[in-house]
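Following: one structure in structure tokens, then a few remarks.
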Amino acid sequence: MNALQKSVTCPPKEKRCTFCAHTFRYVRRDTLYCSRACRQAAYRLRTGAGRYNNMACTVCGKEIQTIRWDRMVCSSACRQRLYRQRKALAQP
Ligand SMILES: [Zn+2]
Ligand SMILES: [Zn+2]
């Protein structure tokens with residue numbers, strides 16, 4: 001009995017990706033995701049990383065956590081300051 005030959009001739013089984021529900025052929029039985037991207041996305045979702053982005057406030061430089069890339073200020077006060085700065089720059 002040849003174990004190696006057995007694993008080669010054994011046809012790949014199909015299962016559903018735990019993340020995107022796509023059907024894919026797996027080689028290893030413990031594979032849960034169809035692709036590396038799905039595995040990484042699932043990992044990020046599970047750990048919470050990627051959901052919050054550590055950024056620095058564009059006005060005062062204070063570190064902030066935001067779920068939106070377009071939110072770049074730590075507070076409404078800084079937002080107003082940024083707005084006034086932009087307005088001042090826009091003046092001829
Ligand atoms: Zn997937
Ligand atoms: Zn700030």
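For the structure tokens, the naming scheme is as follows: chains receive sequential letters (A, B, ...) according to their order of presentation, residues are indexed from 1 within each chain, and ligands are indexed from 1 in presentation order.
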
Protein and nucleic acid residues within 7 Å of ligand 2 (only C-alpha atoms and all ligand atoms) as a list in words: Cys57, Thr58, Val59, Cys60, Gly61, Lys62, Val73, Cys74, Ser75 and Cys78 of chain A

Contacts of A:His22 at 7 Å (only C-alpha atoms; same-chain gap of 4+ positions) as an NGL selection string: :A and (16-17 or 34)

Would you list the residues that come within 12 Å of ligand 1? Count only C-alpha atoms and all ligand atoms and give the answer as an MDAnalysis selection string. chainID A and resid 15:26 31:42

Kindly give the distance, in Å, that separates atom CA of A:Ala90 and atom CA of A:Ile64, rounded to a single decimal.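 Here the two named atoms are 26.9 Å from each other.
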
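With distances taken over only C-alpha atoms, A:Arg28 is the one residue among A:Arg28, A:Ala56, A:Arg81, A:Leu89 lying closest to A:Glu14.
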
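With atom CA of A:Lys87 on one side and atom CA of A:Glu63 on the other, the separation reads 24.4 Å.
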